[in-house]
file upload-v7.txt (compact mmCIF, C-alpha atoms)
# COMPACT_ATOMS: atom_id res chain seq x y z
CA MET O 14 126.71 93.33 100.39
CA ILE O 15 124.54 94.37 97.43
CA LEU O 16 125.53 97.66 95.82
CA LYS O 17 122.94 100.25 94.89
CA GLU O 18 123.47 99.62 91.17
CA GLU O 19 123.05 95.89 91.70
CA GLU O 20 119.86 96.42 93.70
CA GLN O 21 118.54 98.50 90.79
CA GLN O 22 119.12 95.55 88.46
CA VAL O 23 116.86 93.42 90.67
CA THR O 24 114.26 96.19 90.72
CA ASP O 25 114.36 96.55 86.92
CA TYR O 26 113.96 92.78 86.54
CA LEU O 27 110.81 92.81 88.70
CA ILE O 28 109.45 95.91 86.96
CA PHE O 29 109.84 94.03 83.68
CA HIS O 30 107.50 91.37 85.07
CA ARG O 31 105.00 94.09 86.03
CA LEU O 32 104.52 93.15 89.66
CA PRO O 33 102.46 95.70 91.61
CA LEU O 34 104.78 97.86 93.67
CA ASP O 35 103.78 96.41 97.05
CA ILE O 36 104.50 92.87 95.83
CA LEU O 37 107.62 93.99 93.97
CA LEU O 38 109.21 95.36 97.14
CA GLU O 39 108.36 92.21 99.06
CA VAL O 40 109.75 89.91 96.37
CA LYS O 41 112.81 92.12 95.89
CA ASP O 42 113.77 91.71 99.54
CA HIS O 43 113.59 87.93 99.22
CA MET O 44 115.57 87.90 95.98
CA ILE O 45 118.31 90.17 97.30
CA SER O 46 118.60 88.05 100.43
CA GLN O 47 118.89 84.93 98.29
CA ILE O 48 121.47 86.52 95.99
CA SER O 49 123.55 87.56 99.00
CA ASP O 50 123.42 84.04 100.45
CA ILE O 51 124.50 82.50 97.14
CA GLN O 52 127.34 85.01 96.79
CA LEU O 53 128.54 84.24 100.31
CA ASN O 54 128.13 80.47 100.26
CA GLU O 55 129.29 79.78 96.71
CA LYS O 56 131.79 82.62 96.34
CA LEU O 57 130.11 83.92 93.17
CA SER O 58 129.97 87.39 91.64
CA PHE O 59 126.73 89.34 91.79
CA ASP O 60 125.97 88.64 88.12
CA ASP O 61 126.41 84.90 88.53
CA ALA O 62 124.43 84.82 91.78
CA PHE O 63 121.66 86.92 90.23
CA LEU O 64 121.51 84.57 87.23
CA LYS O 65 121.27 81.54 89.51
CA THR O 66 118.56 83.22 91.59
CA ARG O 67 116.54 84.04 88.46
CA LYS O 68 116.69 80.37 87.46
CA LEU O 69 115.45 79.36 90.92
CA TRP O 70 112.53 81.79 90.57
CA GLU O 71 111.89 80.89 86.94
CA ASP O 72 108.63 78.99 87.54
CA GLU O 73 107.26 81.83 89.67
CA PHE O 74 107.55 84.26 86.77
CA LYS O 75 105.93 82.08 84.14
CA THR O 76 102.82 83.84 82.90
CA THR O 77 99.31 82.66 83.57
CA THR O 78 95.78 84.11 83.54
CA TYR O 79 93.42 85.11 86.31
CA TYR O 80 90.40 86.49 84.51
CA LEU O 81 88.47 87.06 87.73
CA LEU O 82 90.65 90.08 88.50
CA TYR O 83 93.06 90.61 85.57
CA SER O 84 92.35 90.97 81.86
CA GLY O 85 95.80 89.95 80.64
CA GLU O 86 98.56 87.55 81.60
CA ILE O 87 100.29 87.90 84.96
CA PRO O 88 103.24 86.13 86.65
CA MET O 89 102.39 82.95 88.55
CA ILE O 90 103.72 84.42 91.79
CA LEU O 91 101.33 87.35 91.51
CA LYS O 92 98.37 85.03 90.94
CA LYS O 93 99.25 83.02 94.04
CA ILE O 94 99.51 86.11 96.22
CA VAL O 95 96.38 87.74 94.81
CA LYS O 96 94.31 84.56 95.21
CA ALA O 97 95.41 84.12 98.81
CA LYS O 98 94.67 87.72 99.77
CA TYR O 99 91.40 88.01 97.87
CA ASN O 100 90.06 84.67 99.06
CA LYS O 101 90.25 86.07 102.59
CA ILE O 102 88.48 89.27 101.55
CA ILE O 103 85.77 87.39 99.66
CA ARG O 104 85.10 85.02 102.59
CA LYS O 105 84.91 87.95 104.99
CA SER O 106 82.61 89.87 102.63
CA LEU O 107 80.24 86.92 102.20
CA LEU O 108 80.09 86.34 105.95
CA LEU O 109 79.46 90.00 106.75
CA GLY O 110 76.91 90.04 103.91
CA ILE O 111 74.94 87.41 105.81
CA VAL O 112 75.11 89.51 108.98
CA ALA O 113 73.94 92.59 107.05
CA SER O 114 71.07 90.63 105.49
CA LEU O 115 69.94 89.28 108.86
CA PHE O 116 69.96 92.78 110.29
CA SER O 117 67.91 93.95 107.32
CA LEU O 118 65.45 91.12 107.95
CA SER O 119 65.12 92.17 111.59
CA LEU O 120 63.65 95.47 110.39
CA VAL O 121 60.54 93.52 109.37
CA PHE O 122 59.86 92.64 113.01
CA LEU O 123 60.74 96.10 114.32
CA SER O 124 58.21 97.80 112.04
CA LYS O 125 54.57 98.41 112.91
CA ASP O 126 53.38 98.44 109.32
CA GLN O 127 54.52 98.28 105.69
CA THR O 128 55.13 102.04 105.48
CA MET O 129 57.39 102.06 108.53
CA TYR O 130 59.29 99.04 107.19
CA ASN O 131 59.81 100.70 103.81
CA ASP O 132 61.23 103.79 105.50
CA LEU O 133 63.58 101.76 107.71
CA PHE O 134 64.60 99.62 104.74
CA ARG O 135 65.53 102.70 102.71
CA MET O 136 67.46 104.29 105.58
CA TYR O 137 69.35 101.05 106.23
CA ASN O 138 70.32 100.67 102.58
CA LEU O 139 71.33 104.32 102.49
CA LEU O 140 74.09 103.46 104.99
CA PHE O 141 75.66 101.23 102.33
CA ILE O 142 75.94 104.28 100.08
CA LEU O 143 77.02 106.79 102.69
CA THR O 144 79.76 104.61 104.19
CA PRO O 145 81.85 104.17 101.01
CA PHE O 146 81.05 107.75 99.99
CA LEU O 147 82.41 109.09 103.29
CA LEU O 148 85.46 106.83 102.96
CA TRP O 149 86.09 108.43 99.61
CA VAL O 150 85.55 111.99 100.88
CA PHE O 151 87.80 111.63 103.93
CA ASN O 152 90.65 110.08 101.95
CA LYS O 153 90.99 112.82 99.38
CA LYS O 154 94.79 112.79 99.43
CA ILE O 155 95.00 109.25 98.04
CA TRP O 156 92.46 109.76 95.23
CA LYS O 157 95.14 109.69 92.56
CA HIS O 158 96.35 106.32 93.87
CA VAL O 159 92.87 104.90 93.37
CA ARG O 160 92.80 105.58 89.63
CA ARG O 161 93.72 102.64 87.39
CA ASP O 162 95.74 104.92 85.11
CA PHE O 163 97.95 106.29 87.91
CA LYS O 164 100.93 103.92 88.05
CA TYR O 165 104.43 103.80 89.45
CA GLU O 166 106.80 104.91 86.67
CA GLY O 167 103.77 104.66 84.38
CA LYS O 168 104.03 100.86 84.45
CA LEU O 169 102.99 99.31 87.76
CA PHE O 170 99.95 99.41 89.98
CA PHE O 171 100.88 100.67 93.43
CA THR O 172 99.01 97.85 95.19
CA ILE O 173 97.27 94.64 94.18
CA TYR O 174 93.97 96.25 95.22
CA GLN O 175 94.18 99.26 92.90
CA GLN O 176 92.83 97.58 89.75
CA ASN O 177 89.52 96.67 91.47
CA LEU O 178 88.57 100.08 92.83
CA ALA O 179 86.47 100.79 89.74
CA LEU O 180 83.85 98.80 91.66
CA PHE O 181 83.46 101.84 93.88
CA ILE O 182 81.18 103.84 91.59
CA SER O 183 79.33 100.90 90.03
CA CYS O 184 78.43 99.37 93.40
CA ILE O 185 77.16 102.68 94.77
CA GLY O 186 75.06 103.13 91.63
CA LEU O 187 73.52 99.68 92.00
CA MET O 188 72.92 100.17 95.72
CA PHE O 189 71.11 103.41 94.98
CA GLN O 190 68.48 101.33 93.16
CA PHE O 191 67.63 99.61 96.45
CA VAL O 192 67.21 102.92 98.24
CA THR O 193 64.66 104.14 95.71
CA LYS O 194 62.55 100.96 95.76
CA GLU O 195 60.16 99.45 98.27
CA ASP O 196 60.32 95.88 99.51
CA LYS O 197 56.79 94.47 99.21
CA TYR O 198 57.47 90.82 99.91
CA LEU O 199 59.32 90.27 103.19
CA PHE O 200 56.87 92.23 105.30
CA ARG O 201 53.90 90.56 103.65
CA PHE O 202 55.40 87.09 104.09
CA PHE O 203 56.36 87.45 107.76
CA ARG O 204 53.74 89.88 109.07
CA THR O 205 50.57 89.27 107.04
CA ASP O 206 48.56 86.38 105.70
CA ASP O 207 49.00 87.50 102.08
CA LEU O 208 50.40 84.99 99.62
CA VAL O 209 53.88 85.73 98.28
CA SER O 210 55.44 83.88 95.36
CA ALA O 211 58.47 81.78 96.21
CA PHE O 212 60.43 83.32 93.32
CA SER O 213 59.81 86.91 94.44
CA LEU O 214 60.65 86.02 98.03
CA ALA O 215 63.90 84.33 96.99
CA LEU O 216 64.96 87.36 94.96
CA THR O 217 64.18 89.59 97.92
CA PHE O 218 66.69 87.60 99.97
CA ILE O 219 69.34 86.99 97.32
CA LEU O 220 69.66 90.38 95.61
CA PRO O 221 70.19 92.47 98.77
CA TYR O 222 72.64 89.85 100.08
CA CYS O 223 74.67 90.10 96.87
CA MET O 224 74.65 93.88 97.03
CA TYR O 225 75.65 94.00 100.71
CA SER O 226 78.48 91.56 100.05
CA MET O 227 79.71 93.59 97.06
CA ILE O 228 79.65 96.86 99.00
CA ILE O 229 81.48 95.25 101.93
CA PHE O 230 84.02 93.74 99.52
CA MET O 231 84.57 97.16 98.00
CA ILE O 232 85.03 98.80 101.42
CA ILE O 233 87.53 96.17 102.57
CA ASN O 234 89.38 96.45 99.25
CA PHE O 235 89.59 100.24 99.64
CA LEU O 236 90.83 99.97 103.24
CA GLU O 237 93.45 97.37 102.28
CA HIS O 238 94.60 99.63 99.46
CA LYS O 239 94.90 102.55 101.86
CA LYS O 240 96.76 100.47 104.46
CA THR O 241 99.17 99.17 101.84
CA LEU O 242 99.81 102.70 100.56
CA ASN O 243 100.62 103.77 104.11
CA GLY O 244 103.17 100.97 104.19
CA LEU O 245 104.75 102.41 101.05
CA LYS O 246 105.12 105.90 102.49
CA GLY O 247 108.78 105.41 103.35
CA PHE O 248 109.48 104.33 99.79
CA LEU O 249 107.30 106.82 97.92
CA ASP O 250 106.65 109.55 100.49
CA ILE O 251 102.90 109.16 99.93
CA SER O 252 100.96 111.56 102.11
CA GLU O 253 97.58 110.41 103.27
call {"tool": "encode", "arguments": {"input": "upload-v7.txt", "output": "C-alpha cells"}}
result
Amino acid sequence: MILKEEEQQVTDYLIFHRLPLDILLEVKDHMISQISDIQLNEKLSFDDAFLKTRKLWEDEFKTTTYYLLYSGEIPMILKKIVKAKYNKIIRKSLLLGIVASLFSLSLVFLSKDQTMYNDLFRMYNLLFILTPFLLWVFNKKIWKHVRRDFKYEGKLFFTIYQQNLALFISCIGLMFQFVTKEDKYLFRFFRTDDLVSAFSLALTFILPYCMYSMIIFMIINFLEHKKTLNGLKGFLDISE
C-alpha cells in the first residue's frame, strides 16, 4: 500500500519531467501500480522499488523534440502519446475537410447564377467562423484553461491539447478572408464556357480545403481539451 507521502514523491517526479496533467495522472497510476507490484514480489522498501521503477521507465523519460507541436524538448513518452492522439485528429480533420469541400462544391450546382453562388459561398464559409465562435462563447467557464499561460502549479499544461488552442483566433481570422471574397473560378469552370486557368482553379480547390481542415482540427482539439478537463474535475474540481 502506497502512503500519501510516497504517492507525492511519484507526483513530484513526474512534475519534474513536465508531463501535462492529464498524462501525468495516467502515468502516475501505472508507476504506482508497478512500484506496489515490485514491493510485494521482491519484498523491497518503497524507496528501492521506486528507484527500480524509475530505471525501468528511464528510456521513456529521455528527452526528444517534436517541433510540429512543441518548441522545446519533451519526454519520449509524451511524444509517443501526443503523436498517437494527434495523428487520429489530423486524419479525421483531413477526411472531414474533404467532405466540407465537396459540400462547398455542390453549391455551384445549386446556384442559378454567379451572384447566388457567391452569396451561398459566403454563408457557408461563415458557418466555419460561427461554429468555433459559439463553442468559445458557450464554454466561458473553461476560458482560463485554454490560455497557454494558465498552468497547473504554474508548471504544467492541464491537457496535451492546451498548447495548440492559439490556433483558435488565427484560424478564425484566416477564415474571415474567405467570407469577404468572391469565388470567380469554380462557377465559371463548371457552369459556363469561360476559360479558367488551371493554377487559379487548383488554388480554389486547395486553399478552402486547407482552411476547412484547419478549422475542423481546431474544433476537435477544443472539444478534446474540454472532454479531458471534464475528466480532471474530480482531481481539480474544474467547473464547466
call {"tool": "closest_residue", "arguments": {"input": "upload-v7.txt", "among": "O:Ile87, O:Ile219, O:Leu249, O:Leu208", "to": "Leu115 (chain O)", "atoms": "all atoms listed in the file"}}
result
O:Ile219
call {"tool": "closest_atom_pairs", "arguments": {"input": "upload-v7.txt", "of": "region 141-187 of chain O", "to": "region 88-106 of chain O", "cutoff": "12 Å", "atoms": "only C-alpha atoms", "output": "tab-separated table"}}
result
residue	atom	partner	partner_atom	distance
O:Thr172	CA	O:Val95	CA	10.5
O:Ile173	CA	O:Val95	CA	7.0
O:Tyr174	CA	O:Val95	CA	8.9
O:Gln175	CA	O:Val95	CA	11.9
O:Gln176	CA	O:Val95	CA	11.6
O:Asn177	CA	O:Tyr99	CA	10.9
call {"tool": "residues_around", "arguments": {"input": "upload-v7.txt", "residues": "region 121-123 of chain O", "least_positions_apart": "4", "cutoff": "8 Å", "atoms": "only C-alpha atoms", "output": "count of residues only"}}
result
6
call {"tool": "residues_around", "arguments": {"input": "upload-v7.txt", "residues": "Val112 (chain O)", "least_positions_apart": "6", "cutoff": "10 Å", "atoms": "only C-alpha atoms", "output": "PDB file with C-alpha atoms, keeping the file's coordinate frame"}}
result
ATOM      1  CA  SER O 106      82.610  89.870 102.630  1.00  0.00           C
ATOM      2  CA  LEU O 118      65.450  91.120 107.950  1.00  0.00           C
ATOM      3  CA  TYR O 222      72.640  89.850 100.080  1.00  0.00           C
ATOM      4  CA  TYR O 225      75.650  94.000 100.710  1.00  0.00           C
ATOM      5  CA  SER O 226      78.480  91.560 100.050  1.00  0.00           C
TER       6      SER O 226
END
call {"tool": "residues_around", "arguments": {"input": "upload-v7.txt", "residues": "Thr144 (chain O)", "least_positions_apart": "4", "cutoff": "12 Å", "atoms": "only C-alpha atoms", "output": "list in words"}}
result
Tyr137, Asn138, Leu139, Leu140, Leu148, Trp149, Val150, Phe151, Phe181, Ile185, Met188, Tyr225, Ile228, Ile229, Met231, Ile232, Ile233 and Phe235 of chain O
call {"tool": "atom_distance", "arguments": {"input": "upload-v7.txt", "atom1": "CA of Lys246 (chain O)", "atom2": "CA of Lys41 (chain O)"}}
result
17.1 Å
call {"tool": "closest_residue", "arguments": {"input": "upload-v7.txt", "among": "O:His158, O:Lys194, O:Arg201, O:Arg67", "to": "Ser124 (chain O)", "atoms": "only C-alpha atoms"}}
result
O:Arg201
call {"tool": "closest_residue", "arguments": {"input": "upload-v7.txt", "among": "O:Met129, O:Leu109, O:Ile36, O:Met224", "to": "Gly244 (chain O)", "atoms": "all atoms listed in the file"}}
result
O:Ile36
call {"tool": "atom_distance", "arguments": {"input": "upload-v7.txt", "atom1": "CA of Arg160 (chain O)", "atom2": "CA of His43 (chain O)"}}
result
28.9 Å
call {"tool": "closest_residue", "arguments": {"input": "upload-v7.txt", "among": "O:Tyr198, O:Phe230, O:Phe248, O:Phe191", "to": "Phe171 (chain O)", "atoms": "only C-alpha atoms"}}
result
O:Phe248
call {"tool": "closest_residue", "arguments": {"input": "upload-v7.txt", "among": "O:Asp60, O:Phe29, O:Glu39, O:Lys157", "to": "Leu16 (chain O)", "atoms": "all atoms listed in the file"}}
result
O:Asp60
call {"tool": "decode", "arguments": {"input": "upload-v7.txt", "residues": "region 67-194 of chain O", "atoms": "C-alpha atoms", "output": "tab-separated table (two decimals), in the first residue's frame"}}
result
chain	number	residue	atom	x	y	z
O	67	ARG	CA	12.45	4.77	-12.43
O	68	LYS	CA	15.19	2.69	-14.06
O	69	LEU	CA	12.56	0.65	-15.92
O	70	TRP	CA	10.97	3.88	-17.19
O	71	GLU	CA	14.31	5.55	-17.89
O	72	ASP	CA	14.07	5.38	-21.70
O	73	GLU	CA	10.54	6.82	-21.63
O	74	PHE	CA	11.77	9.98	-19.92
O	75	LYS	CA	14.72	10.65	-22.19
O	76	THR	CA	14.17	13.99	-23.87
O	77	THR	CA	13.45	14.42	-27.55
O	78	THR	CA	11.96	17.07	-29.85
O	79	TYR	CA	8.63	17.32	-31.62
O	80	TYR	CA	8.75	20.66	-33.37
O	81	LEU	CA	5.37	20.17	-35.02
O	82	LEU	CA	3.66	20.85	-31.68
O	83	TYR	CA	6.35	21.73	-29.10
O	84	SER	CA	9.09	24.34	-29.23
O	85	GLY	CA	11.38	22.72	-26.67
O	86	GLU	CA	12.42	19.26	-25.57
O	87	ILE	CA	9.82	16.85	-24.19
O	88	PRO	CA	9.97	13.32	-22.68
O	89	MET	CA	9.84	10.46	-25.16
O	90	ILE	CA	6.68	9.09	-23.55
O	91	LEU	CA	4.89	12.38	-24.12
O	92	LYS	CA	5.90	12.44	-27.78
O	93	LYS	CA	4.55	8.92	-28.29
O	94	ILE	CA	1.21	9.76	-26.69
O	95	VAL	CA	0.87	13.11	-28.46
O	96	LYS	CA	1.71	11.63	-31.87
O	97	ALA	CA	-0.81	8.82	-31.44
O	98	LYS	CA	-3.61	11.15	-30.35
O	99	TYR	CA	-2.90	13.90	-32.86
O	100	ASN	CA	-2.47	11.53	-35.79
O	101	LYS	CA	-6.08	10.48	-35.22
O	102	ILE	CA	-7.24	14.09	-35.04
O	103	ILE	CA	-5.30	15.07	-38.17
O	104	ARG	CA	-6.66	12.12	-40.17
O	105	LYS	CA	-10.20	12.92	-39.07
O	106	SER	CA	-9.73	16.61	-39.89
O	107	LEU	CA	-8.38	15.88	-43.37
O	108	LEU	CA	-11.23	13.48	-44.10
O	109	LEU	CA	-13.90	15.88	-42.87
O	110	GLY	CA	-12.13	18.65	-44.81
O	111	ILE	CA	-12.79	16.67	-47.99
O	112	VAL	CA	-16.46	16.32	-47.05
O	113	ALA	CA	-16.69	20.06	-46.35
O	114	SER	CA	-15.01	20.87	-49.68
O	115	LEU	CA	-17.37	18.59	-51.61
O	116	PHE	CA	-20.35	20.23	-49.95
O	117	SER	CA	-18.93	23.63	-50.88
O	118	LEU	CA	-18.54	22.44	-54.48
O	119	SER	CA	-22.18	21.32	-54.54
O	120	LEU	CA	-23.18	24.96	-54.05
O	121	VAL	CA	-22.02	25.58	-57.62
O	122	PHE	CA	-24.74	23.28	-58.94
O	123	LEU	CA	-27.41	24.56	-56.56
O	124	SER	CA	-26.94	28.16	-57.70
O	125	LYS	CA	-28.77	29.78	-60.59
O	126	ASP	CA	-26.06	32.33	-61.30
O	127	GLN	CA	-22.72	33.70	-60.10
O	128	THR	CA	-24.34	36.15	-57.67
O	129	MET	CA	-26.39	33.45	-55.97
O	130	TYR	CA	-23.31	31.21	-55.73
O	131	ASN	CA	-21.24	33.99	-54.18
O	132	ASP	CA	-23.92	34.56	-51.54
O	133	LEU	CA	-24.20	30.85	-50.72
O	134	PHE	CA	-20.41	30.52	-50.67
O	135	ARG	CA	-20.11	33.36	-48.16
O	136	MET	CA	-22.88	32.00	-45.93
O	137	TYR	CA	-21.35	28.51	-45.99
O	138	ASN	CA	-17.91	29.81	-45.04
O	139	LEU	CA	-19.48	31.94	-42.33
O	140	LEU	CA	-20.51	28.70	-40.59
O	141	PHE	CA	-16.82	27.89	-40.14
O	142	ILE	CA	-16.45	31.12	-38.19
O	143	LEU	CA	-19.67	30.94	-36.21
O	144	THR	CA	-19.20	27.34	-35.07
O	145	PRO	CA	-15.87	27.82	-33.22
O	146	PHE	CA	-17.03	31.24	-32.04
O	147	LEU	CA	-20.17	29.73	-30.47
O	148	LEU	CA	-18.07	26.94	-28.95
O	149	TRP	CA	-15.96	29.61	-27.33
O	150	VAL	CA	-18.96	31.64	-26.10
O	151	PHE	CA	-20.82	28.67	-24.60
O	152	ASN	CA	-17.76	27.37	-22.76
O	153	LYS	CA	-16.96	30.54	-20.88
O	154	LYS	CA	-16.15	28.75	-17.63
O	155	ILE	CA	-13.14	26.96	-19.11
O	156	TRP	CA	-11.62	30.02	-20.81
O	157	LYS	CA	-8.78	30.21	-18.32
O	158	HIS	CA	-7.88	26.59	-19.07
O	159	VAL	CA	-7.50	27.48	-22.74
O	160	ARG	CA	-4.75	30.04	-22.15
O	161	ARG	CA	-1.19	28.80	-22.65
O	162	ASP	CA	-0.01	30.72	-19.57
O	163	PHE	CA	-2.56	29.11	-17.22
O	164	LYS	CA	-0.81	26.02	-15.85
O	165	TYR	CA	-1.15	23.56	-13.02
O	166	GLU	CA	1.11	24.77	-10.19
O	167	GLY	CA	2.48	27.25	-12.73
O	168	LYS	CA	4.43	24.45	-14.42
O	169	LEU	CA	2.24	22.02	-16.37
O	170	PHE	CA	-0.32	22.26	-19.12
O	171	PHE	CA	-3.63	20.81	-17.97
O	172	THR	CA	-4.04	18.73	-21.14
O	173	ILE	CA	-1.95	17.86	-24.17
O	174	TYR	CA	-4.36	19.92	-26.29
O	175	GLN	CA	-3.93	23.20	-24.41
O	176	GLN	CA	-0.75	24.39	-26.15
O	177	ASN	CA	-2.44	24.33	-29.60
O	178	LEU	CA	-5.52	26.39	-28.82
O	179	ALA	CA	-3.77	29.55	-30.01
O	180	LEU	CA	-4.92	28.31	-33.43
O	181	PHE	CA	-8.41	29.39	-32.42
O	182	ILE	CA	-8.03	33.09	-33.18
O	183	SER	CA	-5.63	32.75	-36.13
O	184	CYS	CA	-7.84	30.24	-37.94
O	185	ILE	CA	-10.95	32.37	-37.50
O	186	GLY	CA	-9.04	35.38	-38.82
O	187	LEU	CA	-7.91	33.47	-41.90
O	188	MET	CA	-11.38	32.06	-42.48
O	189	PHE	CA	-12.82	35.54	-42.35
O	190	GLN	CA	-10.83	36.31	-45.51
O	191	PHE	CA	-12.86	33.69	-47.39
O	192	VAL	CA	-16.13	35.20	-46.23
O	193	THR	CA	-15.22	38.62	-47.60
O	194	LYS	CA	-14.09	37.34	-51.01
